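Trainee: See work.cif below, with mmCIF, C-alpha atoms.
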```cif
data_entry
loop_
_atom_site.label_atom_id
_atom_site.label_comp_id
_atom_site.auth_asym_id
_atom_site.auth_seq_id
_atom_site.Cartn_x
_atom_site.Cartn_y
_atom_site.Cartn_z
CA MET A 72 -16.51 47.83 -20.59
CA LEU A 73 -17.00 50.77 -18.25
CA TYR A 74 -15.27 53.09 -20.72
CA VAL A 75 -17.51 51.89 -23.56
CA ALA A 76 -20.64 52.54 -21.47
CA MET A 77 -19.38 56.02 -20.60
CA LEU A 78 -18.70 56.77 -24.25
CA ILE A 79 -22.16 55.58 -25.30
CA MET A 80 -23.81 57.72 -22.63
CA ALA A 81 -21.70 60.75 -23.57
CA VAL A 82 -22.48 60.34 -27.28
CA GLY A 83 -26.20 60.02 -26.53
CA LEU A 84 -26.27 63.15 -24.43
CA GLY A 85 -24.13 64.90 -27.03
CA LEU A 86 -26.77 64.16 -29.64
CA SER A 87 -29.39 65.43 -27.23
CA VAL A 88 -27.62 68.76 -26.82
CA VAL A 89 -27.53 69.14 -30.61
CA ALA A 90 -31.24 68.42 -30.69
CA GLY A 91 -31.85 70.84 -27.83
CA THR A 92 -29.91 73.56 -29.58
CA THR A 93 -31.86 72.96 -32.79
CA ALA A 94 -35.16 73.09 -30.91
CA LEU A 95 -34.07 76.27 -29.14
CA ALA A 96 -33.23 77.95 -32.44
CA ARG A 97 -36.58 76.80 -33.84
CA SER A 98 -38.47 78.20 -30.83
CA ARG A 99 -36.58 81.49 -31.02
CA ALA A 100 -37.41 81.83 -34.71
CA SER A 101 -41.06 81.09 -34.00
CA MET A 102 -41.12 83.79 -31.32
CA LEU A 103 -39.65 86.28 -33.76
CA ARG A 104 -42.42 85.38 -36.23
CA GLY A 105 -45.01 85.81 -33.50
CA GLU A 106 -46.03 82.16 -33.15
CA SER A 107 -45.39 81.78 -29.39
CA LEU A 108 -46.07 85.13 -27.82
CA PRO A 109 -46.79 85.54 -24.11
CA ASP A 110 -50.35 84.96 -22.92
CA ILE A 111 -51.11 88.67 -22.54
CA TYR A 112 -50.41 89.16 -26.27
CA THR A 113 -52.29 86.12 -27.53
CA GLN A 114 -55.39 87.13 -25.57
CA LEU A 115 -55.54 90.49 -27.32
CA VAL A 116 -54.53 89.47 -30.88
CA PRO A 117 -57.16 87.56 -32.88
CA GLU A 118 -56.28 84.05 -33.89
CA GLY A 119 -54.91 83.63 -37.42
CA VAL A 120 -53.68 87.20 -37.96
CA LEU A 121 -50.26 86.96 -36.35
CA GLY A 122 -47.06 87.25 -38.31
CA PRO A 123 -45.83 89.81 -40.82
CA GLY A 124 -47.60 88.18 -43.75
CA GLY A 125 -50.97 87.57 -42.17
CA LEU A 126 -51.59 83.92 -41.35
CA LEU A 127 -48.85 81.95 -39.70
CA PRO A 128 -46.87 79.49 -41.84
CA GLU A 129 -47.63 75.82 -41.51
CA PRO A 130 -45.50 74.08 -38.86
CA THR A 131 -42.68 72.05 -40.37
CA GLU A 132 -41.95 68.44 -39.47
CA PRO A 133 -38.95 68.20 -37.09
CA SER A 134 -35.90 66.31 -38.28
CA LEU A 135 -34.96 62.81 -37.16
CA LEU A 136 -32.18 64.18 -34.92
CA VAL A 137 -34.65 66.41 -33.09
CA ARG A 138 -37.21 63.60 -32.69
CA VAL A 139 -34.60 61.21 -31.29
CA GLY A 140 -32.37 63.57 -29.35
CA GLU A 141 -34.90 65.95 -27.80
CA PRO A 142 -36.51 63.32 -25.53
CA LEU A 143 -33.04 62.43 -24.22
CA PHE A 144 -32.32 66.10 -23.73
CA LEU A 145 -35.56 66.69 -21.82
CA ARG A 146 -35.06 63.58 -19.70
CA ALA A 147 -31.56 64.72 -18.73
CA ALA A 148 -32.95 68.19 -17.94
CA ASP A 149 -35.65 66.63 -15.75
CA LEU A 150 -33.04 64.59 -13.88
CA VAL A 151 -30.85 67.64 -13.23
CA SER A 152 -33.94 69.64 -12.22
CA ARG A 153 -34.84 67.06 -9.58
CA LEU A 154 -31.31 67.12 -8.18
CA SER A 155 -31.00 70.92 -8.20
CA PRO A 156 -32.15 72.91 -5.14
CA THR A 157 -35.04 75.31 -5.50
CA ALA A 158 -32.81 78.29 -4.72
CA ALA A 159 -30.46 77.32 -7.56
CA ARG A 160 -33.33 77.12 -10.05
CA GLU A 161 -34.64 80.53 -8.96
CA SER A 162 -31.15 81.98 -9.30
CA ARG A 163 -30.88 80.65 -12.85
CA ARG A 164 -34.34 82.02 -13.66
CA LYS A 165 -33.25 85.48 -12.50
CA ARG A 166 -30.06 85.16 -14.54
CA LEU A 167 -32.15 84.37 -17.61
CA VAL A 168 -34.23 87.50 -16.98
CA TYR A 169 -31.12 89.62 -16.50
CA ALA A 170 -29.64 88.18 -19.70
CA GLY A 171 -32.81 89.05 -21.66
CA LEU A 172 -33.58 85.38 -22.40
CA ASP A 173 -36.84 85.04 -20.47
CA GLY A 174 -39.50 83.61 -22.75
CA ILE A 175 -36.80 82.33 -25.13
CA LEU A 176 -34.73 79.93 -23.04
CA PRO A 177 -36.54 78.05 -20.24
CA VAL A 178 -34.70 77.03 -17.09
CA GLU A 179 -35.26 73.37 -17.94
CA ARG A 180 -33.34 73.79 -21.19
CA VAL A 181 -30.43 75.36 -19.30
CA LEU A 182 -30.40 72.32 -17.03
CA GLY A 183 -30.38 70.10 -20.12
CA PHE A 184 -27.38 71.99 -21.44
CA LYS A 185 -25.64 71.44 -18.10
CA ALA A 186 -26.22 67.68 -18.33
CA ALA A 187 -25.04 67.59 -21.96
CA ALA A 188 -21.94 69.65 -21.13
CA ALA A 189 -21.16 67.27 -18.26
CA ALA A 190 -21.51 64.34 -20.67
CA ALA A 191 -19.17 66.05 -23.14
CA GLY A 192 -16.65 66.55 -20.34
CA LEU A 193 -17.08 62.90 -19.42
CA ALA A 194 -16.32 61.85 -23.00
CA VAL A 195 -13.23 64.04 -23.06
CA GLY A 196 -12.14 62.54 -19.74
CA VAL A 197 -12.55 58.99 -21.06
CA LEU A 198 -10.42 59.85 -24.10
CA LEU A 199 -7.77 61.45 -21.88
CA SER A 200 -7.68 58.36 -19.67
CA PHE A 201 -6.55 56.31 -22.69
CA ILE A 202 -3.84 58.84 -23.59
CA LEU A 203 -2.51 59.99 -20.21
CA SER A 204 -1.38 57.94 -17.25
CA PHE A 205 -3.30 59.98 -14.67
CA PRO A 206 -5.80 58.34 -12.31
CA VAL A 207 -9.18 57.53 -13.82
CA TRP A 208 -11.13 59.63 -11.32
CA LEU A 209 -8.99 62.65 -12.20
CA THR A 210 -9.25 62.38 -15.98
CA VAL A 211 -12.98 61.54 -15.93
CA LEU A 212 -14.44 63.40 -12.97
CA VAL A 213 -12.69 66.76 -13.35
CA PRO A 214 -13.73 67.42 -17.02
CA ALA A 215 -17.29 66.28 -16.23
CA VAL A 216 -17.58 68.65 -13.27
CA MET A 217 -16.05 71.51 -15.26
CA GLY A 218 -18.45 70.88 -18.14
CA TYR A 219 -21.40 70.85 -15.75
CA PHE A 220 -20.69 74.43 -14.65
CA VAL A 221 -19.86 75.83 -18.12
CA PRO A 222 -23.50 76.77 -19.03
CA ASP A 223 -23.89 78.62 -15.72
CA ALA A 224 -20.68 80.56 -16.37
CA ILE A 225 -21.81 81.50 -19.88
CA LEU A 226 -25.24 82.57 -18.62
CA SER A 227 -23.74 84.66 -15.80
CA SER A 228 -21.32 86.32 -18.20
CA LYS A 229 -24.11 87.22 -20.63
CA ALA A 230 -26.28 88.57 -17.80
CA ASP A 231 -23.44 90.67 -16.36
CA ASP A 232 -22.55 92.09 -19.79
CA ARG A 233 -26.17 93.04 -20.46
CA GLN A 234 -26.57 94.73 -17.09
CA ALA A 235 -23.29 96.59 -17.61
CA ASP A 236 -24.57 97.86 -20.99
CA ILE A 237 -27.78 99.06 -19.34
CA GLY A 238 -25.84 100.88 -16.61
CA ARG A 239 -23.59 102.52 -19.18
CA ASP A 240 -26.49 103.84 -21.29
CA LEU A 241 -28.66 104.91 -18.35
CA PRO A 242 -27.27 108.46 -17.76
CA GLU A 243 -27.79 109.49 -21.39
CA ALA A 244 -31.28 107.98 -21.37
CA ILE A 245 -32.34 109.88 -18.24
CA ASP A 246 -30.89 113.13 -19.62
CA LEU A 247 -32.85 112.65 -22.85
CA LEU A 248 -35.99 111.84 -20.86
CA ALA A 249 -35.59 115.03 -18.83
CA VAL A 250 -35.14 117.14 -21.97
CA THR A 251 -38.16 115.66 -23.76
CA VAL A 252 -40.42 115.97 -20.69
CA GLU A 253 -39.38 119.58 -20.20
CA ALA A 254 -40.27 120.18 -23.85
CA GLY A 255 -43.90 119.36 -23.01
CA LEU A 256 -44.21 115.67 -23.86
CA GLY A 257 -45.75 113.06 -21.60
CA LEU A 258 -43.72 110.34 -19.92
CA GLU A 259 -44.84 107.59 -22.31
CA GLN A 260 -44.08 109.76 -25.34
CA ALA A 261 -40.67 110.63 -23.89
CA ILE A 262 -39.92 106.95 -23.26
CA ALA A 263 -40.93 106.16 -26.86
CA ILE A 264 -38.54 108.82 -28.21
CA VAL A 265 -35.70 107.59 -26.00
CA GLY A 266 -36.35 103.98 -27.05
CA GLU A 267 -36.22 104.95 -30.72
CA ASN A 268 -32.92 106.80 -30.33
CA LEU A 269 -31.29 104.29 -27.98
CA GLU A 270 -29.88 101.00 -29.15
CA GLY A 271 -28.96 98.07 -26.98
CA PRO A 272 -30.61 96.30 -24.05
CA LEU A 273 -31.83 99.49 -22.37
CA GLY A 274 -33.73 100.45 -25.52
CA ASP A 275 -35.24 96.96 -25.63
CA GLU A 276 -36.38 97.25 -22.02
CA LEU A 277 -37.98 100.64 -22.70
CA HIS A 278 -39.80 99.22 -25.72
CA ARG A 279 -41.06 96.36 -23.59
CA LEU A 280 -42.20 98.84 -20.94
CA LEU A 281 -44.22 100.76 -23.52
CA LYS A 282 -45.77 97.59 -24.93
CA GLU A 283 -46.91 96.54 -21.48
CA ILE A 284 -48.46 99.97 -20.85
CA GLU A 285 -50.19 99.87 -24.25
CA LEU A 286 -51.63 96.46 -23.42
CA GLY A 287 -53.37 97.88 -20.36
CA ILE A 288 -50.93 97.19 -17.55
CA PRO A 289 -50.86 100.13 -15.09
CA ARG A 290 -47.79 102.31 -15.26
CA ARG A 291 -46.72 101.51 -11.71
CA GLU A 292 -46.87 97.77 -12.31
CA ALA A 293 -45.00 98.09 -15.61
CA LEU A 294 -42.29 100.16 -13.91
CA ALA A 295 -42.06 97.64 -11.06
CA ALA A 296 -41.67 94.84 -13.61
CA LEU A 297 -38.88 96.82 -15.28
CA ARG A 298 -37.12 97.13 -11.94
CA ASP A 299 -37.40 93.36 -11.40
CA ARG A 300 -35.92 92.63 -14.85
CA VAL A 301 -32.83 94.80 -14.30
CA SER A 302 -30.27 94.53 -11.52
CA VAL A 303 -28.72 98.00 -11.99
CA PRO A 304 -29.08 99.95 -8.70
CA GLU A 305 -29.31 103.32 -10.49
CA LEU A 306 -32.23 102.13 -12.62
CA SER A 307 -33.98 100.72 -9.54
CA ALA A 308 -33.65 104.09 -7.78
CA PHE A 309 -34.94 105.85 -10.90
CA VAL A 310 -37.99 103.57 -11.11
CA VAL A 311 -38.75 104.00 -7.40
CA ALA A 312 -38.58 107.79 -7.81
CA LEU A 313 -41.00 107.66 -10.76
CA ILE A 314 -43.45 105.46 -8.84
CA GLN A 315 -43.38 107.76 -5.83
CA ALA A 316 -43.82 110.83 -8.06
CA ASP A 317 -46.82 109.16 -9.69
CA ARG A 318 -48.38 108.45 -6.30
CA MET A 319 -47.77 111.90 -4.79
CA GLY A 320 -48.49 113.94 -7.90
CA VAL A 321 -45.00 115.45 -8.15
CA ALA A 322 -43.93 116.85 -11.52
CA VAL A 323 -42.07 114.21 -13.50
CA SER A 324 -39.66 116.79 -14.95
CA ASP A 325 -38.38 117.69 -11.48
CA VAL A 326 -37.86 114.03 -10.62
CA LEU A 327 -35.99 113.44 -13.88
CA LYS A 328 -33.67 116.39 -13.21
CA VAL A 329 -32.78 115.09 -9.77
CA GLN A 330 -32.31 111.53 -11.02
CA ALA A 331 -30.12 112.66 -13.92
CA HIS A 332 -27.90 114.57 -11.49
CA GLN A 333 -27.71 111.57 -9.13
CA VAL A 334 -26.84 109.14 -11.92
CA ARG A 335 -24.10 111.41 -13.26
CA LEU A 336 -22.71 111.80 -9.73
CA LYS A 337 -22.66 108.02 -9.18
CA ARG A 338 -21.03 107.53 -12.55
CA ARG A 339 -18.22 109.94 -11.64
CA GLN A 340 -17.79 108.20 -8.28
CA HIS A 341 -17.62 104.82 -10.00
CA ALA A 342 -14.99 106.14 -12.42
CA ARG A 343 -12.89 107.46 -9.52
CA GLU A 344 -13.25 104.17 -7.67
CA THR A 345 -12.13 102.24 -10.74
CA ALA A 346 -9.15 104.55 -11.20
CA ALA A 347 -8.18 104.11 -7.53
CA LYS A 348 -8.20 100.31 -7.93
CA THR A 349 -5.90 100.40 -10.96
CA PRO A 350 -2.55 100.58 -9.05
CA VAL A 351 -3.51 97.57 -6.94
CA LYS A 352 -4.61 95.55 -9.98
CA ILE A 353 -1.45 96.36 -11.92
CA LEU A 354 0.83 95.44 -9.01
CA PHE A 355 0.70 91.66 -9.56
CA PRO A 356 1.41 91.74 -13.32
CA VAL A 357 4.35 94.07 -12.66
CA ILE A 358 5.82 91.81 -9.95
CA PHE A 359 5.28 88.44 -11.63
CA LEU A 360 5.60 89.32 -15.34
CA ILE A 361 7.37 92.62 -16.01
CA LEU A 362 10.04 92.57 -13.29
CA PRO A 363 11.28 89.02 -14.05
CA SER A 364 11.64 89.91 -17.74
CA LEU A 365 13.45 93.11 -16.78
CA PHE A 366 15.83 91.19 -14.52
CA VAL A 367 16.57 88.69 -17.29
CA ILE A 368 17.36 91.49 -19.75
CA THR A 369 19.48 93.59 -17.40
CA LEU A 370 21.19 90.91 -15.27
CA GLY A 371 21.30 88.11 -17.82
CA PRO A 372 24.41 89.30 -19.74
CA ALA A 373 26.24 90.03 -16.49
CA ALA A 374 25.38 86.56 -15.14
CA ILE A 375 26.63 84.94 -18.35
CA THR A 376 29.89 86.94 -18.18
CA ILE A 377 30.45 85.97 -14.53
CA MET A 378 29.82 82.30 -15.26
CA THR A 379 32.21 82.43 -18.21
CA GLU A 380 34.97 84.00 -16.09
CA PHE A 381 34.52 81.43 -13.33
CA SER A 382 34.72 78.61 -15.86
CA ARG A 383 37.99 80.02 -17.25
CA THR A 384 39.62 80.41 -13.83
CA SER A 385 38.61 76.92 -12.84
#
```
The structure in this file should be written as structure tokens.
Mentor:
Amino acid sequence: MLYVAMLIMAVGLGLSVVAGTTALARSRASMLRGESLPDIYTQLVPEGVLGPGGLLPEPTEPSLLVRVGEPLFLRAADLVSRLSPTAARESRRKRLVYAGLDGILPVERVLGFKAAAAAAGLAVGVLLSFILSFPVWLTVLVPAVMGYFVPDAILSSKADDRQADIGRDLPEAIDLLAVTVEAGLGLEQAIAIVGENLEGPLGDELHRLLKEIELGIPRREALAALRDRVSVPELSAFVVALIQADRMGVAVSDVLKVQAHQVRLKRRQHARETAAKTPVKILFPVIFLILPSLFVITLGPAAITIMTEFSRTS
């Protein structure tokens, strides 16, 4: 009876995660159409003129799966939110910002995915308990705990990959900014040119920076918001240098030259550091994988010959 109850709960939460995923895709599509823009945009754009074709399309009726599963999904997210510490929620919120999902994926939906993944792990554990002869707590608890932390691992991986892409594209972006500013363009015009010629998350962040400046946010506040959205130390130092130059009236071209040199220097140092770590990282695969295979190939025939000779003499 306990197994049946676990299966029913796991299936219910599984349906809720499908509904949550469907609702997430629907909300993302609506954001791309301009239906749910941030407050600063909706205050400046007249009502009824959003969207590429003029008026917004009529909202569609959600499916039965969404109507049934989404309340379960939100209730599970609320339960996990109550049990989660405040520091953990803030950490996930920062991870969402670093992954570029702020405004698209709320923290509560991530918590719902965690509950649904734990339920899926619970269902897998119940099925394994019928097949294997392991203890019930091992086959049920371990998959549930592993499933609970899977969404956090995926979110952290996406955030780290995005920040690594930003750090990789930053030296070229600063060099291009320095060249365009020296050619006589202003900082906003230079950022616009770099954003047009730069693909990836750094280009998206520069576009967002320009949009915020165009909407009336002061340059210093927009730059500070950019620094908060990115966890790359080189970009933080670059933003701080621009803010200080704006306050003190220093020429932006001189600041860009210095920052481009510093970023290139740090990039070379990082490459040397990575190259110095390579012998240590390759040591364990050599010891545990390559050397045993080499011993089998070189000493295996000799061992077989010795065993054959001993068997003959005996």
Trainee: Can you work out which one of A:Phe366, A:Phe309, A:Phe201, A:Tyr169 has the shortest atom-to-atom distance to A:Ala235, counting only C-alpha atoms?
Mentor: A:Tyr169
Trainee: Would you mind telling me which residue in A:Ile358, A:Val321, A:Ala190, A:Leu145 lies nearest to A:Ala215 when using only C-alpha atoms?
Mentor: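 Closest residue, counting only C-alpha atoms: A:Ala190.
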Trainee: Apply the PyMOL selection byres ((chain A and resi 276-280) around 8) to the structure shown and report the selected residues as number ranges by chain.
Mentor: A: 262-263, 266, 272-275, 281-284, 293-294, 297
Trainee: One decimal, in Å: what's the spacing between atom CA of A:Leu327 and atom CA of A:Ala244?
Mentor: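 For atom CA of A:Leu327 relative to atom CA of A:Ala244, the distance reads 10.4 Å.
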Trainee: Using only C-alpha atoms, which of A:Gly255, A:Pro177, A:Pro214, A:Gly238 sits nearest A:Ser302?
Mentor: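 Ranked by minimum distance to A:Ser302, first place goes to A:Gly238.
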Trainee: With the PyMOL selection byres ((chain A and resi 330) around 9) as the selection, what would be picked from this file? Answer as JSON, numbers by chain, please.
Mentor: {"A": [242, 245, 246, 305, 308, 309, 312, 325, 326, 327, 328, 329, 331, 332, 333, 334, 335]}
Trainee: Could you turn the residues from that selection into a file that holds C-alpha atoms, as an mmCIF file, keeping the file's coordinate frame?
Mentor:
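This went into again.cif:
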```cif
data_model
loop_
_atom_site.group_PDB
_atom_site.id
_atom_site.type_symbol
_atom_site.label_atom_id
_atom_site.label_comp_id
_atom_site.auth_asym_id
_atom_site.auth_seq_id
_atom_site.Cartn_x
_atom_site.Cartn_y
_atom_site.Cartn_z
ATOM 1 C CA PRO A 242 -27.270 108.460 -17.760
ATOM 2 C CA ILE A 245 -32.340 109.880 -18.240
ATOM 3 C CA ASP A 246 -30.890 113.130 -19.620
ATOM 4 C CA GLU A 305 -29.310 103.320 -10.490
ATOM 5 C CA ALA A 308 -33.650 104.090 -7.780
ATOM 6 C CA PHE A 309 -34.940 105.850 -10.900
ATOM 7 C CA ALA A 312 -38.580 107.790 -7.810
ATOM 8 C CA ASP A 325 -38.380 117.690 -11.480
ATOM 9 C CA VAL A 326 -37.860 114.030 -10.620
ATOM 10 C CA LEU A 327 -35.990 113.440 -13.880
ATOM 11 C CA LYS A 328 -33.670 116.390 -13.210
ATOM 12 C CA VAL A 329 -32.780 115.090 -9.770
ATOM 13 C CA ALA A 331 -30.120 112.660 -13.920
ATOM 14 C CA HIS A 332 -27.900 114.570 -11.490
ATOM 15 C CA GLN A 333 -27.710 111.570 -9.130
ATOM 16 C CA VAL A 334 -26.840 109.140 -11.920
ATOM 17 C CA ARG A 335 -24.100 111.410 -13.260
#
```
Trainee: Give the answer as one residue: which of A:Leu226, A:Met217, A:Leu362, A:Leu248 has the shortest atom-to-atom distance to A:Ala261, using all atoms listed in the file?
Mentor: A:Leu248
Trainee: Box time for stretch 264-281 of chain A: axis-aligned, enclosing all its listed atoms, 5 Å extra on each side; report centre and edge lengths in Å to one decimal, as lines of an AutoDock Vina configuration file.
Mentor:
```
center_x = -36.6
center_y = 102.6
center_z = -25.8
size_x = 25.3
size_y = 22.5
size_z = 19.8
```
Trainee: Find the residues near A:Arg166: any atom within 12 Å, counting all atoms listed in the file, skip ones fewer than 6 places away on the same chain, and give them as a PyMOL selection string.
Mentor: chain A and resi 159-160+172-173+176-178+181+222-234+299-302
Trainee: So that I have them on file, write out the residues from the current selection with C-alpha atoms, as a PDB file, in the coordinates of the input.
Mentor:
```pdb
ATOM      1  CA  ALA A 159     -30.460  77.320  -7.560  1.00  0.00           C
ATOM      2  CA  ARG A 160     -33.330  77.120 -10.050  1.00  0.00           C
ATOM      3  CA  LEU A 172     -33.580  85.380 -22.400  1.00  0.00           C
ATOM      4  CA  ASP A 173     -36.840  85.040 -20.470  1.00  0.00           C
ATOM      5  CA  LEU A 176     -34.730  79.930 -23.040  1.00  0.00           C
ATOM      6  CA  PRO A 177     -36.540  78.050 -20.240  1.00  0.00           C
ATOM      7  CA  VAL A 178     -34.700  77.030 -17.090  1.00  0.00           C
ATOM      8  CA  VAL A 181     -30.430  75.360 -19.300  1.00  0.00           C
ATOM      9  CA  PRO A 222     -23.500  76.770 -19.030  1.00  0.00           C
ATOM     10  CA  ASP A 223     -23.890  78.620 -15.720  1.00  0.00           C
ATOM     11  CA  ALA A 224     -20.680  80.560 -16.370  1.00  0.00           C
ATOM     12  CA  ILE A 225     -21.810  81.500 -19.880  1.00  0.00           C
ATOM     13  CA  LEU A 226     -25.240  82.570 -18.620  1.00  0.00           C
ATOM     14  CA  SER A 227     -23.740  84.660 -15.800  1.00  0.00           C
ATOM     15  CA  SER A 228     -21.320  86.320 -18.200  1.00  0.00           C
ATOM     16  CA  LYS A 229     -24.110  87.220 -20.630  1.00  0.00           C
ATOM     17  CA  ALA A 230     -26.280  88.570 -17.800  1.00  0.00           C
ATOM     18  CA  ASP A 231     -23.440  90.670 -16.360  1.00  0.00           C
ATOM     19  CA  ASP A 232     -22.550  92.090 -19.790  1.00  0.00           C
ATOM     20  CA  ARG A 233     -26.170  93.040 -20.460  1.00  0.00           C
ATOM     21  CA  GLN A 234     -26.570  94.730 -17.090  1.00  0.00           C
ATOM     22  CA  ASP A 299     -37.400  93.360 -11.400  1.00  0.00           C
ATOM     23  CA  ARG A 300     -35.920  92.630 -14.850  1.00  0.00           C
ATOM     24  CA  VAL A 301     -32.830  94.800 -14.300  1.00  0.00           C
ATOM     25  CA  SER A 302     -30.270  94.530 -11.520  1.00  0.00           C
TER      26      SER A 302
END
```
Trainee: Find, counting only C-alpha atoms, the residue in A:Leu258, A:Ile377, A:Ile264, A:Leu286 that gets nearest to A:Leu313.
Mentor: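 For A:Leu313, the nearest of the given residues is A:Leu258.
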Trainee: Just to confirm, what's the straight-line distance from atom CA of A:Gly257 to atom CA of A:Gly287 in Å (one decimal)?
Mentor: 17.0 Å
Trainee: Tell me, in Å to one decimal, how far atom CA of A:Leu193 is from atom CA of A:Val213.
Mentor: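 Atom CA of A:Val213 lies 8.4 Å from atom CA of A:Leu193.
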Trainee: Extract, using only C-alpha atoms, all DNA, RNA and protein residues at most 10 Å from A:Val195, discarding same-chain residues fewer than 2 positions from it, and format them as a list of chain:residue names.
Mentor: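 In the requested format, the answer is A:Leu78, A:Ala81, A:Ala189, A:Ala190, A:Ala191, A:Gly192, A:Leu193, A:Val197, A:Leu198, A:Leu199, A:Ser200, A:Thr210, A:Val211, A:Pro214, A:Ala215, A:Gly218.
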Trainee: Have a look at A:Leu370, A:Val310, A:Val265, A:Ile237 and name the one nearest to A:Ala170; count all atoms listed in the file.
Mentor: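 Closest residue, counting all atoms listed in the file: A:Ile237.
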Trainee: Can stretch 296-315 of chain A be brought up to N, CA and C atoms and written out as a PDB file, in the coordinates of the input?
Mentor:
```pdb
ATOM      1  N   ALA A 296     -42.176  95.983 -12.850  1.00  0.00           N
ATOM      2  CA  ALA A 296     -41.670  94.840 -13.610  1.00  0.00           C
ATOM      3  C   ALA A 296     -40.330  95.163 -14.265  1.00  0.00           C
ATOM      4  N   LEU A 297     -40.171  96.398 -14.736  1.00  0.00           N
ATOM      5  CA  LEU A 297     -38.880  96.820 -15.280  1.00  0.00           C
ATOM      6  C   LEU A 297     -37.793  96.766 -14.222  1.00  0.00           C
ATOM      7  N   ARG A 298     -38.104  97.181 -13.021  1.00  0.00           N
ATOM      8  CA  ARG A 298     -37.120  97.130 -11.940  1.00  0.00           C
ATOM      9  C   ARG A 298     -36.734  95.692 -11.607  1.00  0.00           C
ATOM     10  N   ASP A 299     -37.705  94.764 -11.694  1.00  0.00           N
ATOM     11  CA  ASP A 299     -37.400  93.360 -11.400  1.00  0.00           C
ATOM     12  C   ASP A 299     -36.561  92.721 -12.500  1.00  0.00           C
ATOM     13  N   ARG A 300     -36.665  93.227 -13.737  1.00  0.00           N
ATOM     14  CA  ARG A 300     -35.920  92.630 -14.850  1.00  0.00           C
ATOM     15  C   ARG A 300     -34.486  93.121 -14.927  1.00  0.00           C
ATOM     16  N   VAL A 301     -34.159  94.187 -14.208  1.00  0.00           N
ATOM     17  CA  VAL A 301     -32.830  94.800 -14.300  1.00  0.00           C
ATOM     18  C   VAL A 301     -32.233  94.852 -12.905  1.00  0.00           C
ATOM     19  N   SER A 302     -30.955  94.531 -12.814  1.00  0.00           N
ATOM     20  CA  SER A 302     -30.270  94.530 -11.520  1.00  0.00           C
ATOM     21  C   SER A 302     -29.336  95.719 -11.342  1.00  0.00           C
ATOM     22  N   VAL A 303     -29.551  96.791 -12.112  1.00  0.00           N
ATOM     23  CA  VAL A 303     -28.720  98.000 -11.990  1.00  0.00           C
ATOM     24  C   VAL A 303     -29.296  98.862 -10.869  1.00  0.00           C
ATOM     25  N   PRO A 304     -28.522  99.174  -9.826  1.00  0.00           N
ATOM     26  CA  PRO A 304     -29.080  99.950  -8.700  1.00  0.00           C
ATOM     27  C   PRO A 304     -29.579 101.336  -9.122  1.00  0.00           C
ATOM     28  N   GLU A 305     -28.888 101.984 -10.064  1.00  0.00           N
ATOM     29  CA  GLU A 305     -29.310 103.320 -10.490  1.00  0.00           C
ATOM     30  C   GLU A 305     -30.674 103.281 -11.163  1.00  0.00           C
ATOM     31  N   LEU A 306     -30.920 102.242 -11.970  1.00  0.00           N
ATOM     32  CA  LEU A 306     -32.230 102.130 -12.620  1.00  0.00           C
ATOM     33  C   LEU A 306     -33.316 101.820 -11.595  1.00  0.00           C
ATOM     34  N   SER A 307     -33.001 101.013 -10.590  1.00  0.00           N
ATOM     35  CA  SER A 307     -33.980 100.720  -9.540  1.00  0.00           C
ATOM     36  C   SER A 307     -34.364 101.988  -8.787  1.00  0.00           C
ATOM     37  N   ALA A 308     -33.355 102.825  -8.458  1.00  0.00           N
ATOM     38  CA  ALA A 308     -33.650 104.090  -7.780  1.00  0.00           C
ATOM     39  C   ALA A 308     -34.473 105.016  -8.670  1.00  0.00           C
ATOM     40  N   PHE A 309     -34.192 105.016  -9.958  1.00  0.00           N
ATOM     41  CA  PHE A 309     -34.940 105.850 -10.900  1.00  0.00           C
ATOM     42  C   PHE A 309     -36.397 105.400 -10.980  1.00  0.00           C
ATOM     43  N   VAL A 310     -36.627 104.089 -11.033  1.00  0.00           N
ATOM     44  CA  VAL A 310     -37.990 103.570 -11.110  1.00  0.00           C
ATOM     45  C   VAL A 310     -38.758 103.867  -9.828  1.00  0.00           C
ATOM     46  N   VAL A 311     -38.102 103.695  -8.678  1.00  0.00           N
ATOM     47  CA  VAL A 311     -38.750 104.000  -7.400  1.00  0.00           C
ATOM     48  C   VAL A 311     -39.148 105.467  -7.336  1.00  0.00           C
ATOM     49  N   ALA A 312     -38.269 106.358  -7.805  1.00  0.00           N
ATOM     50  CA  ALA A 312     -38.580 107.790  -7.810  1.00  0.00           C
ATOM     51  C   ALA A 312     -39.780 108.093  -8.704  1.00  0.00           C
ATOM     52  N   LEU A 313     -39.855 107.437  -9.873  1.00  0.00           N
ATOM     53  CA  LEU A 313     -41.000 107.660 -10.760  1.00  0.00           C
ATOM     54  C   LEU A 313     -42.296 107.150 -10.138  1.00  0.00           C
ATOM     55  N   ILE A 314     -42.242 105.997  -9.477  1.00  0.00           N
ATOM     56  CA  ILE A 314     -43.450 105.460  -8.840  1.00  0.00           C
ATOM     57  C   ILE A 314     -43.927 106.371  -7.718  1.00  0.00           C
ATOM     58  N   GLN A 315     -42.999 106.853  -6.912  1.00  0.00           N
ATOM     59  CA  GLN A 315     -43.380 107.760  -5.830  1.00  0.00           C
ATOM     60  C   GLN A 315     -43.916 109.083  -6.376  1.00  0.00           C
TER      61      GLN A 315
END
```
